[in-house]
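S.K.: Got a structure here, written out as structure tokens. Questions coming.
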Amino acid sequence: MSFLVIGESVADIVRAPAGSGAADRVHPGGSPANVAHGLGRLGRDVTLLTQLADDPAGRLIAAHLGAAGVRVEVGGALPRTPSAVVGLDARGAATYTFDIAWTLASGSPAELTPAHVHIGSIAAVTEPGAATVLAETERLRGRATVSYDPNVRPALMGEHAVAVARAERCVALADLVKASDEDLAWLYPDEDPEAVAARWLALGPALVLVTRGAGGSAAVTRRHTVRSAAPRVVVVDTVGAGDSFMSAVLDALAGRDAAALGALPADALAELLATAGAAAAVTVSRAGSQPPDRAELDAARAAFAP
């Protein structure tokens, strides 16, 4: 089946902890681009509708995606490729400072007929391009399933109530949603993440996944709530971990419609979380967003099996 991912590509300028003596590193990034790259690494047929400039960072990102087999469709040129300065603390946890424009103004090529559409992050809530993302998703969702990852970046979300409304509109368009506990803590302070996931089901999705970093993950449907522990690994950095989790989920669920997602039994949900957790564990064990290929994911899943 074919996947269409719509969203930003970003050059991640990764800065090591102060006093470490390490040099800055530039990695291709951007949550939607990372998801597309992860799907490509797993051998999936995937197109990314994004924006890039014809500059060194843009060429780096395009080459990185192309090496994984991702087709890149550029919906309008930018004067410079978006960037994010990524600061790492002593535990490898990342914080971000952004220089991003998102002005996507053209729809996906008419010949694209994906079986699944993935949206999320900055591109789904930042105008003027967010309107195009939502319009394309609404146009395609009658014949494609849809997934959404809010991947909240507080500095770019704008006024809180407006940001929540935009996120909930995306949730309502989706069959599958993945959000981190940090995303949900910003959107709904002091609410239990799994309670939010259950409430989101009423907006339309059949399946909501919640990730908690080292605390593992949970899958919530109208029938089941299933939890999974995170594999124990030495963390180099957390860049792209959630995107790798998302790619592995989309790969594992390829071909299922909304009804099938909602009907997944508890053991299938547990296996889904374990596989996606293994993908994220591989990614955090190496620098930058470097998701596993098929062989690496299979090996990790076997290594982390209870």
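FYI, nothing fancy with the structure tokens labels: chains A, B, ... in order, residues from 1 per chain, ligands from 1 as they appear.
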Restrict the calculation to only C-alpha atoms, then for each residue of stretch 213-254 of chain A with any atom at most 12 Å from an atom of stretch 173-189 of chain A give the closest atom pair and their distance in Å to one decimal, rows by chain and rising residue number, as a tab-separated table.
M.R.:
residue	atom	partner	partner_atom	distance
A:Gly213	CA	A:Ser180	CA	7.9
A:Ala214	CA	A:Asp181	CA	11.2
A:Gly215	CA	A:Asp181	CA	9.7
A:Gly216	CA	A:Ser180	CA	10.3
A:Ser217	CA	A:Ser180	CA	8.7
A:Ala218	CA	A:Lys178	CA	9.8
A:Ala219	CA	A:Lys178	CA	9.0
A:Val220	CA	A:Val177	CA	10.0
A:Thr221	CA	A:Leu176	CA	10.0
A:Ala241	CA	A:Ser180	CA	10.7
A:Gly242	CA	A:Ser180	CA	7.7
A:Asp243	CA	A:Lys178	CA	9.6
A:Ser244	CA	A:Lys178	CA	11.6
A:Phe245	CA	A:Lys178	CA	9.1
A:Met246	CA	A:Lys178	CA	7.1
A:Ser247	CA	A:Lys178	CA	10.7
A:Ala248	CA	A:Lys178	CA	11.8
A:Val249	CA	A:Lys178	CA	9.3
A:Leu250	CA	A:Leu176	CA	9.2
A:Leu253	CA	A:Leu176	CA	10.0
A:Ala254	CA	A:Leu176	CA	11.7
S.K.: Identify, on the basis of only C-alpha atoms, every residue whose closest approach to A:Val26 does not exceed 10 Å; exclude the query and any residue fewer than 3 positions from it along the same chain; express the result as a ChimeraX atom specification.
M.R.: /A:11-15,23,29,57,60,83-86,288
S.K.: Apply DSSP to the structure's backbone, then extract all residues of stretch 3-177 of chain A labelled strand (DSSP E) and return them as a ChimeraX atom specification.
M.R.: /A:3-6,10-15,25-29,45-50,71-74,83-88,94-99,116-120,145-149,176-177
S.K.: Given the choices A:Arg143, A:Asn151, A:Val70, A:Arg227, which gets closest to A:Asp267 if the distance is worked out from only C-alpha atoms?
M.R.: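 Once distances to A:Asp267 are computed over only C-alpha atoms, the minimum belongs to A:Arg227.
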S.K.: Quick one: everything within 12 Å of A:Thr238, counting only C-alpha atoms, minus sequence neighbours fewer than 5 positions away in the same chain. Send it as a ChimeraX atom specification.
M.R.: /A:14,86-96,213-214,233,243-245,280-291
S.K.: Considering only helix (DSSP H, G or I) as DSSP defines it on the backbone, what residues of stretch 33-102 of chain A qualify? List them as a VMD selection string.
M.R.: chain A and resid 33 to 41 56 to 67
S.K.: Let me make sure I understand: among A:Ala278, A:Ala130, A:Leu207, A:Ala302, which one has the smallest atom-to-atom distance to A:Gly262 if we use only C-alpha atoms?
M.R.: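 Smallest separation from A:Gly262 among the options: A:Leu207.
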S.K.: Would you kindly return, as a PyMOL selection string, each protein, DNA or RNA residue with an atom no farther than 7 Å from any atom of A:Ala123, considering only C-alpha atoms and excluding same-chain residues fewer than 4 positions away?
M.R.: chain A and resi 7-8+102+129-130
S.K.: Quick one, how far is atom CA of A:Thr47 from atom CA of A:Arg71?
M.R.: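 Computing it gives 4.6 Å between the two atoms.
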